[in-house]
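> Just query-v4.tsv, nothing more (TSV, C-alpha atoms and all ligand atoms):
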chain	number	residue	atom	x	y	z
A	1284	MET	CA	-43.75	-28.57	-0.83
A	1285	LEU	CA	-42.39	-28.93	-4.34
A	1286	GLU	CA	-44.26	-27.89	-7.41
A	1287	ALA	CA	-45.46	-30.64	-9.72
A	1288	GLY	CA	-42.73	-31.74	-12.06
A	1289	MET	CA	-39.93	-30.40	-9.89
A	1290	SER	CA	-37.56	-32.93	-8.52
A	1291	GLU	CA	-36.18	-32.91	-5.01
A	1292	PRO	CA	-33.20	-30.53	-4.72
A	1293	ARG	CA	-30.07	-32.64	-4.82
A	1294	LEU	CA	-27.36	-30.06	-4.38
A	1295	LEU	CA	-28.14	-27.34	-1.85
A	1296	GLU	CA	-29.40	-28.23	1.61
A	1297	ASN	CA	-31.91	-26.07	3.47
A	1298	ASP	CA	-29.35	-24.38	5.69
A	1299	GLU	CA	-27.05	-23.37	2.83
A	1300	PRO	CA	-27.19	-19.83	1.41
A	1301	PRO	CA	-29.27	-19.16	-1.70
A	1302	PRO	CA	-27.33	-18.81	-4.97
A	1303	VAL	CA	-28.43	-15.26	-5.57
A	1304	ARG	CA	-28.29	-12.18	-3.40
A	1305	VAL	CA	-30.03	-9.00	-4.53
A	1306	LEU	CA	-28.95	-5.68	-3.08
A	1307	ARG	CA	-31.35	-2.75	-3.30
A	1308	ALA	CA	-33.91	-4.53	-5.48
A	1309	GLU	CA	-35.94	-1.30	-5.53
A	1310	GLY	CA	-32.92	0.95	-6.05
A	1311	PRO	CA	-33.89	4.00	-8.14
A	1312	SER	CA	-30.63	4.21	-10.13
A	1313	ASP	CA	-30.53	3.54	-13.87
A	1314	LEU	CA	-27.38	1.52	-13.24
A	1315	PHE	CA	-27.86	-2.22	-12.68
A	1316	PHE	CA	-24.89	-4.25	-11.48
A	1317	THR	CA	-24.20	-7.97	-11.67
A	1318	ALA	CA	-21.33	-9.98	-10.19
A	1319	ASP	CA	-21.38	-13.50	-11.65
A	1320	HIS	CA	-18.17	-14.58	-9.93
A	1321	ALA	CA	-18.51	-12.81	-6.59
A	1322	GLY	CA	-18.76	-15.92	-4.43
A	1323	ARG	CA	-16.56	-18.85	-3.57
A	1324	LYS	CA	-18.92	-21.10	-1.66
A	1325	ILE	CA	-19.17	-24.75	-2.62
A	1326	PRO	CA	-22.29	-26.77	-1.79
A	1327	ARG	CA	-21.56	-29.08	1.12
A	1328	ARG	CA	-22.63	-32.13	-0.85
A	1329	LEU	CA	-19.82	-31.51	-3.35
A	1330	GLY	CA	-17.17	-31.84	-0.65
A	1331	ARG	CA	-14.94	-28.99	-1.87
A	1332	LEU	CA	-14.93	-30.64	-5.33
A	1333	GLY	CA	-11.85	-32.55	-4.19
A	1334	VAL	CA	-9.79	-29.36	-4.37
A	1335	PRO	CA	-7.42	-28.43	-1.51
A	1336	GLU	CA	-8.72	-25.48	0.52
A	1337	PRO	CA	-5.86	-23.06	-0.40
A	1338	GLU	CA	-6.75	-23.47	-4.09
A	1339	LEU	CA	-10.29	-22.38	-3.29
A	1340	THR	CA	-9.12	-18.95	-2.14
A	1341	ARG	CA	-7.32	-18.36	-5.47
A	1342	HIS	CA	-8.72	-16.60	-8.51
A	1343	ILE	CA	-9.74	-19.90	-10.07
A	1344	ALA	CA	-12.59	-20.14	-7.55
A	1345	TRP	CA	-13.89	-16.56	-7.76
A	1346	ASP	CA	-13.25	-12.97	-8.81
A	1347	ILE	CA	-11.25	-11.77	-5.81
A	1348	GLY	CA	-12.37	-8.35	-4.55
A	1349	ILE	CA	-15.32	-7.87	-6.87
A	1350	ARG	CA	-18.02	-8.53	-4.29
A	1351	GLY	CA	-16.78	-5.63	-2.16
A	1352	VAL	CA	-16.45	-3.27	-5.12
A	1353	THR	CA	-19.93	-4.17	-6.39
A	1354	GLU	CA	-21.52	-3.74	-2.94
A	1355	ARG	CA	-19.92	-0.32	-2.63
A	1356	LEU	CA	-21.07	0.74	-6.11
A	1357	SER	CA	-24.59	-0.44	-5.31
A	1358	ALA	CA	-24.50	1.71	-2.18
A	1359	ALA	CA	-22.95	4.72	-3.96
A	1360	PHE	CA	-25.66	4.85	-6.63
A	1361	ASP	CA	-28.51	3.32	-4.62
A	1362	ALA	CA	-28.52	0.84	-7.47
A	1363	THR	CA	-29.68	-2.75	-7.73
A	1364	ALA	CA	-26.90	-5.34	-7.67
A	1365	VAL	CA	-27.31	-9.07	-8.23
A	1366	VAL	CA	-24.51	-11.12	-6.72
A	1367	GLN	CA	-23.72	-14.83	-7.07
A	1368	THR	CA	-22.85	-16.78	-3.91
A	1369	TYR	CA	-21.25	-19.95	-5.25
A	1370	SER	CA	-17.88	-20.56	-6.85
A	1371	ARG	CA	-17.51	-20.57	-10.60
A	1372	LEU	CA	-15.87	-23.96	-10.15
A	1373	VAL	CA	-19.33	-25.34	-9.28
A	1374	ILE	CA	-20.83	-23.81	-12.41
A	1375	ASP	CA	-19.67	-20.70	-14.23
A	1376	CYS	CA	-22.53	-18.20	-14.24
A	1377	ASN	CA	-20.98	-16.29	-17.12
A	1378	ARG	CA	-21.05	-19.23	-19.55
A	1379	SER	CA	-23.91	-21.02	-21.24
A	1380	PRO	CA	-24.46	-24.36	-19.54
A	1381	GLY	CA	-22.98	-27.07	-21.70
A	1382	VAL	CA	-20.14	-25.07	-23.24
A	1383	PRO	CA	-16.58	-26.03	-22.29
A	1384	GLY	CA	-15.62	-24.27	-19.07
A	1385	SER	CA	-19.15	-24.21	-17.69
A	1386	ILE	CA	-18.22	-26.90	-15.15
A	1387	PRO	CA	-14.44	-26.99	-15.60
A	1388	PRO	CA	-12.56	-30.28	-15.03
A	1389	ILE	CA	-9.37	-28.20	-14.83
A	1390	SER	CA	-8.90	-24.50	-14.08
A	1391	GLU	CA	-5.63	-22.82	-15.03
A	1392	HIS	CA	-3.35	-25.67	-13.86
A	1393	THR	CA	-5.54	-27.03	-11.07
A	1394	PRO	CA	-7.46	-30.27	-11.62
A	1395	ILE	CA	-11.02	-30.19	-10.25
A	1396	PRO	CA	-11.72	-33.86	-9.49
A	1397	GLY	CA	-15.31	-33.16	-8.41
A	1398	ASN	CA	-16.08	-31.98	-11.95
A	1399	VAL	CA	-14.91	-35.14	-13.66
A	1400	GLY	CA	-17.23	-37.97	-14.69
A	1401	LEU	CA	-20.44	-36.11	-13.91
A	1402	THR	CA	-23.79	-37.60	-14.85
A	1403	GLU	CA	-26.42	-35.61	-16.72
A	1404	ALA	CA	-28.33	-35.39	-13.43
A	1405	ASP	CA	-25.28	-33.93	-11.65
A	1406	ARG	CA	-24.94	-31.26	-14.30
A	1407	ALA	CA	-28.65	-30.56	-14.38
A	1408	ALA	CA	-28.68	-30.02	-10.60
A	1409	ARG	CA	-25.98	-27.36	-10.81
A	1410	VAL	CA	-27.89	-25.60	-13.57
A	1411	ALA	CA	-31.23	-25.87	-11.76
A	1412	GLU	CA	-30.05	-24.90	-8.29
A	1413	ILE	CA	-27.28	-22.36	-8.93
A	1414	PHE	CA	-27.14	-21.05	-12.50
A	1415	LYS	CA	-30.84	-20.78	-13.24
A	1416	PRO	CA	-32.09	-19.09	-10.06
A	1417	TYR	CA	-29.36	-16.48	-10.43
A	1418	HIS	CA	-30.17	-15.66	-14.04
A	1419	ASP	CA	-33.92	-15.98	-13.55
A	1420	ARG	CA	-33.67	-13.33	-10.85
A	1421	ILE	CA	-31.68	-10.99	-13.08
A	1422	ALA	CA	-34.20	-11.54	-15.89
A	1423	ALA	CA	-37.17	-10.91	-13.59
A	1424	LEU	CA	-35.68	-7.67	-12.27
A	1425	LEU	CA	-34.88	-6.45	-15.78
A	1426	ASP	CA	-38.33	-7.43	-17.06
A	1427	ALA	CA	-39.95	-5.50	-14.23
A	1428	ARG	CA	-37.85	-2.43	-14.98
A	1429	GLY	CA	-38.74	-2.74	-18.66
A	1430	ALA	CA	-42.44	-3.06	-17.85
A	1431	ALA	CA	-42.21	0.05	-15.69
A	1432	GLY	CA	-40.56	1.94	-18.54
A	1433	ARG	CA	-37.35	2.37	-16.59
A	1434	ARG	CA	-34.01	3.10	-18.22
A	1435	THR	CA	-31.37	0.45	-17.40
A	1436	ILE	CA	-27.62	0.42	-17.89
A	1437	TYR	CA	-26.28	-3.12	-17.40
A	1438	ILE	CA	-22.86	-3.30	-15.75
A	1439	ALA	CA	-21.19	-6.69	-15.33
A	1440	MET	CA	-18.48	-6.55	-12.67
A	1441	HIS	CA	-15.47	-8.89	-12.84
A	1442	SER	CA	-11.86	-9.06	-11.71
A	1443	PHE	CA	-8.85	-10.73	-13.29
A	1444	THR	CA	-5.72	-12.32	-11.90
A	1445	PRO	CA	-2.45	-10.33	-12.17
A	1446	VAL	CA	-0.63	-13.50	-13.26
A	1447	PHE	CA	-2.27	-16.09	-15.51
A	1448	LYS	CA	-0.43	-19.29	-16.49
A	1449	GLY	CA	2.84	-17.60	-15.50
A	1450	GLU	CA	2.28	-14.45	-17.47
A	1451	SER	CA	2.07	-11.07	-15.73
A	1452	ARG	CA	-0.54	-8.56	-16.79
A	1453	ALA	CA	0.32	-4.87	-16.61
A	1454	MET	CA	-3.14	-3.45	-17.25
A	1455	GLU	CA	-5.10	-2.37	-14.21
A	1456	VAL	CA	-8.57	-2.35	-15.70
A	1457	GLY	CA	-10.31	-3.65	-18.79
A	1458	VAL	CA	-13.46	-2.53	-20.60
A	1459	LEU	CA	-15.19	-5.38	-22.39
A	1460	TYR	CA	-17.98	-5.23	-24.91
A	1461	ASN	CA	-19.46	-7.10	-27.82
A	1462	ARG	CA	-21.73	-5.59	-30.48
A	1463	ASP	CA	-22.99	-2.53	-28.65
A	1464	THR	CA	-20.12	-0.12	-28.00
A	1465	ARG	CA	-22.17	2.88	-26.78
A	1466	LEU	CA	-21.13	2.85	-23.13
A	1467	ALA	CA	-17.85	0.96	-23.51
A	1468	LEU	CA	-16.20	3.54	-25.74
A	1469	ILE	CA	-17.18	6.39	-23.42
A	1470	LEU	CA	-15.87	4.55	-20.37
A	1471	LEU	CA	-12.63	3.64	-22.18
A	1472	ASP	CA	-12.12	7.30	-22.98
A	1473	LEU	CA	-12.73	8.34	-19.37
A	1474	LEU	CA	-10.45	5.66	-17.94
A	1475	ARG	CA	-7.63	6.64	-20.30
A	1476	ALA	CA	-8.09	10.28	-19.36
A	1477	GLU	CA	-7.34	9.35	-15.74
A	1478	GLY	CA	-3.70	9.35	-16.85
A	1479	ASP	CA	-2.42	6.83	-14.31
A	1480	LEU	CA	-3.92	3.64	-15.72
A	1481	THR	CA	-3.13	1.03	-18.33
A	1482	VAL	CA	-6.55	0.27	-19.75
A	1483	GLY	CA	-7.55	-2.85	-21.66
A	1484	ASP	CA	-9.79	-2.41	-24.69
A	1485	ASN	CA	-11.65	-5.72	-24.84
A	1486	ALA	CA	-8.74	-7.06	-22.81
A	1487	PRO	CA	-7.67	-9.12	-20.92
A	1488	TYR	CA	-10.77	-10.80	-22.38
A	1489	ALA	CA	-13.30	-9.96	-25.04
A	1490	VAL	CA	-17.01	-10.53	-24.72
A	1491	SER	CA	-18.49	-13.16	-27.03
A	1492	ASP	CA	-21.61	-15.30	-27.18
A	1493	VAL	CA	-19.52	-18.37	-26.35
A	1494	SER	CA	-17.30	-17.02	-23.57
A	1495	ASP	CA	-20.01	-14.94	-21.91
A	1496	TYR	CA	-23.60	-15.23	-20.82
A	1497	GLY	CA	-24.74	-12.15	-18.88
A	1498	VAL	CA	-24.03	-9.44	-21.45
A	1499	PRO	CA	-25.25	-11.33	-24.55
A	1500	VAL	CA	-28.36	-12.75	-22.90
A	1501	HIS	CA	-29.55	-10.06	-20.51
A	1502	ALA	CA	-28.19	-6.84	-22.00
A	1503	GLU	CA	-27.87	-7.34	-25.75
A	1504	ARG	CA	-31.16	-9.15	-26.23
A	1505	ARG	CA	-32.99	-6.35	-24.40
A	1506	GLY	CA	-31.04	-3.65	-26.22
A	1507	LEU	CA	-29.69	-2.29	-22.92
A	1508	ALA	CA	-26.56	-0.16	-23.00
A	1509	HIS	CA	-23.96	-2.12	-21.10
A	1510	VAL	CA	-20.36	-2.74	-20.27
A	1511	GLU	CA	-18.33	-5.47	-18.65
A	1512	ILE	CA	-15.63	-4.17	-16.31
A	1513	GLU	CA	-12.55	-6.17	-15.28
A	1514	ILE	CA	-10.37	-4.89	-12.42
A	1515	ARG	CA	-7.01	-6.46	-11.59
A	1516	GLN	CA	-7.34	-8.45	-8.40
A	1517	ASP	CA	-4.27	-7.25	-6.52
A	1518	LEU	CA	-5.69	-3.71	-6.63
A	1519	ILE	CA	-8.88	-4.75	-4.83
A	1520	ALA	CA	-7.48	-7.44	-2.55
A	1521	ASP	CA	-8.31	-5.52	0.65
A	1522	ALA	CA	-11.01	-3.14	1.88
A	1523	GLN	CA	-8.90	-0.09	1.14
A	1524	GLY	CA	-8.39	-1.14	-2.48
A	1525	GLU	CA	-12.06	-2.02	-2.87
A	1526	ALA	CA	-13.05	1.40	-1.56
A	1527	ALA	CA	-10.57	3.25	-3.78
A	1528	TRP	CA	-11.70	1.43	-6.92
A	1529	ALA	CA	-15.38	1.70	-6.08
A	1530	GLU	CA	-14.92	5.44	-5.60
A	1531	ARG	CA	-13.07	5.83	-8.88
A	1532	MET	CA	-15.54	3.70	-10.83
A	1533	ALA	CA	-18.51	5.48	-9.26
A	1534	ARG	CA	-17.12	8.81	-10.43
A	1535	LEU	CA	-16.36	7.52	-13.93
A	1536	LEU	CA	-19.61	5.60	-14.36
A	1537	ALA	CA	-21.60	8.67	-13.36
A	1538	ALA	CA	-19.70	10.71	-15.95
A	1539	ALA	CA	-20.06	7.97	-18.58
A	1540	ASP	CA	-23.79	7.71	-17.99
A	1541	ALA	CA	-24.18	11.49	-18.26
A	1542	ARG	CA	-22.37	11.44	-21.62
A	1543	LEU	CA	-24.45	8.51	-22.80
A	1544	LYS	CA	-27.65	10.36	-21.91
A	1545	ALA	CA	-26.44	13.52	-23.63
A	1546	ALA	CA	-25.72	11.47	-26.76
A	1547	GLY	CA	-29.37	10.39	-26.68
A	1601	ZN	ZN	-15.39	-12.93	-13.64
Could you render the structure from this file as structure tokens?


Amino acid sequence: MLEAGMSEPRLLENDEPPPVRVLRAEGPSDLFFTADHAGRKIPRRLGRLGVPEPELTRHIAWDIGIRGVTERLSAAFDATAVVQTYSRLVIDCNRSPGVPGSIPPISEHTPIPGNVGLTEADRAARVAEIFKPYHDRIAALLDARGAAGRRTIYIAMHSFTPVFKGESRAMEVGVLYNRDTRLALILLDLLRAEGDLTVGDNAPYAVSDVSDYGVPVHAERRGLAHVEIEIRQDLIADAQGEAAWAERMARLLAAADARLKAAG
């Protein structure tokens, strides 16, 4: 039965997976992981958004490899991880609803016909059934941790394509941040000290209030130390790569957190 004032769901059917998956909700770790672009599912009612299936396995639909890395980090730390199920082509969970790119009519060079000519109700359904439950869950978990006096380090996990609009990217990993550089600068230092990596400093993207949602809304507003991590997708395209990167990041995040704590 629906609550008063709530309209009938118009996007997800009962047998489709929920938009948010929480791993280790009670995990004792200070680290708290999110993966906004982990999934590539498209609600059945949207009929693949009119996009050919092979396009939906490309980076435009999701952050290839990041679900596996995030699951492994959650396991390594016994840490909570909140993971999105649906494709960012349905609605981008790392953008404010309404900004360009939230429901993209074109992604890289691929037209997304199912995102053209949407009504207000179409857009509202994607916000209400995919974006909002995901972020409400993150907010509720963070509020509960805050109420319990728990320390939380917010880590947004992403991956980036090795070739974007024809241009190759040499860097393997990027550390992204906005106003609060506490954790980012430590992690940058540790990644560079690895010696075998080209590390992006607020690259290949930078965090901003317009291009991002998770870090500004959940981490910055609560004053949580945080970082957004971008790993190049070809490095985590199979289970072996996922495991290697999860292992490396687990080691470095543990060291970064220890330094952060020591810095008070
Ligand atoms: Zn992403």

> Please produce, as JSON lines, a per-residue contact table for chain A versus ligand ZN 1601 (chain A) (criterion: any atom at most 6 Å away, all atoms listed in the file considered), showing the nearest atom pair and its distance in Å to one decimal, sorted by chain then residue number.


{"residue": "A:His1320", "atom": "CA", "partner": "A:ZN1601", "partner_atom": "ZN", "distance": 4.9}
{"residue": "A:Asp1346", "atom": "CA", "partner": "A:ZN1601", "partner_atom": "ZN", "distance": 5.3}
{"residue": "A:His1441", "atom": "CA", "partner": "A:ZN1601", "partner_atom": "ZN", "distance": 4.1}
{"residue": "A:Ser1442", "atom": "CA", "partner": "A:ZN1601", "partner_atom": "ZN", "distance": 5.6}

> So, with all atoms listed in the file as the atoms that count, which of A:Arg1341, A:Arg1542, A:Arg1505, A:Arg1355 lies closest to Leu1470 of chain A?

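That would be A:Arg1542, the residue with the smallest distance to Leu1470 of chain A.
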
> Set the distance at 10 Å and use all atoms listed in the file: which residues neighbour segment 1523-1527 of chain A once local chain neighbours fewer than 3 positions away are removed? I'd like the list as a VMD selection string.

chain A and resid 1348 to 1356 1516 to 1520 1530 to 1533

> Please, what distance in Å, to one decimal, runs between atom CA of Asp1492 of chain A and atom CA of Gln1367 of chain A?

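If I compute the distance from atom CA of Asp1492 of chain A to atom CA of Gln1367 of chain A, I get 20.2 Å.
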
> Which one of A:Ala1318, A:Leu1306, A:Ala1508, A:Leu1372 sits closest to Gly1384 of chain A if you count only C-alpha atoms?

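Selected residue with least distance to Gly1384 of chain A: A:Leu1372.
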
> Between A:Val1493, A:Ile1413, A:Ala1522, A:Leu1535, which has the minimum distance to Leu1474 of chain A (counting all atoms listed in the file)?

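For Leu1474 of chain A, the nearest of the given residues is A:Leu1535.
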
> With distances taken over only C-alpha atoms, which residue among A:Arg1378, A:Lys1448, A:Arg1409, A:His1342 lies nearest Arg1328 of chain A?

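Smallest distance to Arg1328 of chain A is found for A:Arg1409.
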
> Restricting the calculation to all atoms listed in the file: of A:Leu1329, A:Ala1439, A:Leu1314, A:Ala1423, which residue gets closest to Ser1357 of chain A?

A:Leu1314

> Here is a test: counting all atoms listed in the file, which residue of A:Arg1465, A:Leu1424, A:Thr1317, A:Lys1415 is nearest to Ile1512 of chain A?

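Ranked by minimum distance to Ile1512 of chain A, first place goes to A:Thr1317.
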
> Could you list as JSON, numbers by chain every residue that has an atom within 12 Å of (-16.2, -24.8, -8.6), using the file's coordinates and counting all atoms listed in the file?

{"A": [1320, 1322, 1323, 1324, 1325, 1326, 1327, 1329, 1330, 1331, 1332, 1333, 1334, 1335, 1336, 1338, 1339, 1340, 1341, 1342, 1343, 1344, 1345, 1368, 1369, 1370, 1371, 1372, 1373, 1374, 1375, 1376, 1384, 1385, 1386, 1387, 1388, 1389, 1390, 1393, 1394, 1395, 1396, 1397, 1398, 1399, 1409, 1413]}

> To one decimal place in Å, what is the distance between atom CA of Ala1467 of chain A and atom CA of Pro1380 of chain A?

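Rounded to one decimal, the two atoms are 26.5 Å apart.
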
> Do you have the atom CA of Arg1534 of chain A-atom CA of Ser1494 of chain A distance handy?

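Straight-line distance from atom CA of Arg1534 of chain A to atom CA of Ser1494 of chain A works out to 29.0 Å.
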
> Would you save segment 1459-1486 of chain A to a file, keeping N, CA and C atoms, as a compact mmCIF listing (two decimals), in the first residue's frame?


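Result went into part.txt, see below:
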# COMPACT_ATOMS: atom_id res chain seq x y z
N LEU A 1459 40.49 13.01 -6.42
CA LEU A 1459 39.66 14.18 -6.67
C LEU A 1459 39.15 14.75 -5.34
N TYR A 1460 39.09 16.04 -5.29
CA TYR A 1460 38.65 16.70 -4.05
C TYR A 1460 38.12 18.07 -4.40
N ASN A 1461 37.53 18.70 -3.42
CA ASN A 1461 36.95 20.03 -3.64
C ASN A 1461 37.54 20.98 -2.61
N ARG A 1462 36.82 21.32 -1.57
CA ARG A 1462 37.33 22.33 -0.63
C ARG A 1462 38.19 21.72 0.47
N ASP A 1463 37.85 20.50 0.84
CA ASP A 1463 38.53 19.86 1.97
C ASP A 1463 39.60 18.91 1.43
N THR A 1464 40.87 19.29 1.63
CA THR A 1464 41.97 18.53 1.02
C THR A 1464 42.64 17.57 2.00
N ARG A 1465 42.11 17.48 3.24
CA ARG A 1465 42.78 16.70 4.29
C ARG A 1465 43.23 15.32 3.82
N LEU A 1466 42.27 14.52 3.38
CA LEU A 1466 42.59 13.14 3.02
C LEU A 1466 43.22 13.06 1.63
N ALA A 1467 42.73 13.90 0.72
CA ALA A 1467 43.19 13.83 -0.67
C ALA A 1467 44.69 14.04 -0.79
N LEU A 1468 45.22 15.02 -0.08
CA LEU A 1468 46.65 15.31 -0.22
C LEU A 1468 47.50 14.17 0.35
N ILE A 1469 47.04 13.55 1.41
CA ILE A 1469 47.76 12.40 1.98
C ILE A 1469 47.74 11.25 0.99
N LEU A 1470 46.57 10.98 0.42
CA LEU A 1470 46.46 9.85 -0.51
C LEU A 1470 47.27 10.09 -1.78
N LEU A 1471 47.28 11.34 -2.26
CA LEU A 1471 48.10 11.70 -3.42
C LEU A 1471 49.56 11.37 -3.15
N ASP A 1472 50.02 11.78 -1.99
CA ASP A 1472 51.40 11.56 -1.58
C ASP A 1472 51.71 10.06 -1.56
N LEU A 1473 50.83 9.28 -0.99
CA LEU A 1473 51.05 7.83 -0.90
C LEU A 1473 51.03 7.17 -2.27
N LEU A 1474 50.12 7.60 -3.12
CA LEU A 1474 50.04 7.01 -4.46
C LEU A 1474 51.30 7.33 -5.26
N ARG A 1475 51.77 8.56 -5.14
CA ARG A 1475 52.99 8.95 -5.87
C ARG A 1475 54.19 8.17 -5.36
N ALA A 1476 54.20 7.91 -4.06
CA ALA A 1476 55.32 7.18 -3.46
C ALA A 1476 55.36 5.72 -3.91
N GLU A 1477 54.27 5.23 -4.50
CA GLU A 1477 54.27 3.87 -5.02
C GLU A 1477 55.35 3.72 -6.11
N GLY A 1478 55.60 4.79 -6.84
CA GLY A 1478 56.69 4.80 -7.81
C GLY A 1478 56.36 4.27 -9.19
N ASP A 1479 55.29 3.50 -9.31
CA ASP A 1479 54.97 2.90 -10.61
C ASP A 1479 53.69 3.47 -11.22
N LEU A 1480 53.23 4.58 -10.69
CA LEU A 1480 51.92 5.09 -11.13
C LEU A 1480 51.99 6.53 -11.62
N THR A 1481 51.21 6.84 -12.65
CA THR A 1481 50.95 8.23 -13.01
C THR A 1481 49.65 8.61 -12.30
N VAL A 1482 49.73 9.60 -11.43
CA VAL A 1482 48.61 9.92 -10.55
C VAL A 1482 48.01 11.27 -10.92
N GLY A 1483 46.71 11.32 -11.07
CA GLY A 1483 46.03 12.57 -11.38
C GLY A 1483 45.68 13.33 -10.11
N ASP A 1484 46.03 14.61 -10.08
CA ASP A 1484 45.68 15.48 -8.97
C ASP A 1484 44.47 16.29 -9.43
N ASN A 1485 43.31 15.96 -8.91
CA ASN A 1485 42.04 16.50 -9.42
C ASN A 1485 41.97 16.32 -10.93
N ALA A 1486 42.36 15.14 -11.37
CA ALA A 1486 42.31 14.74 -12.77
C ALA A 1486 42.09 13.24 -12.81
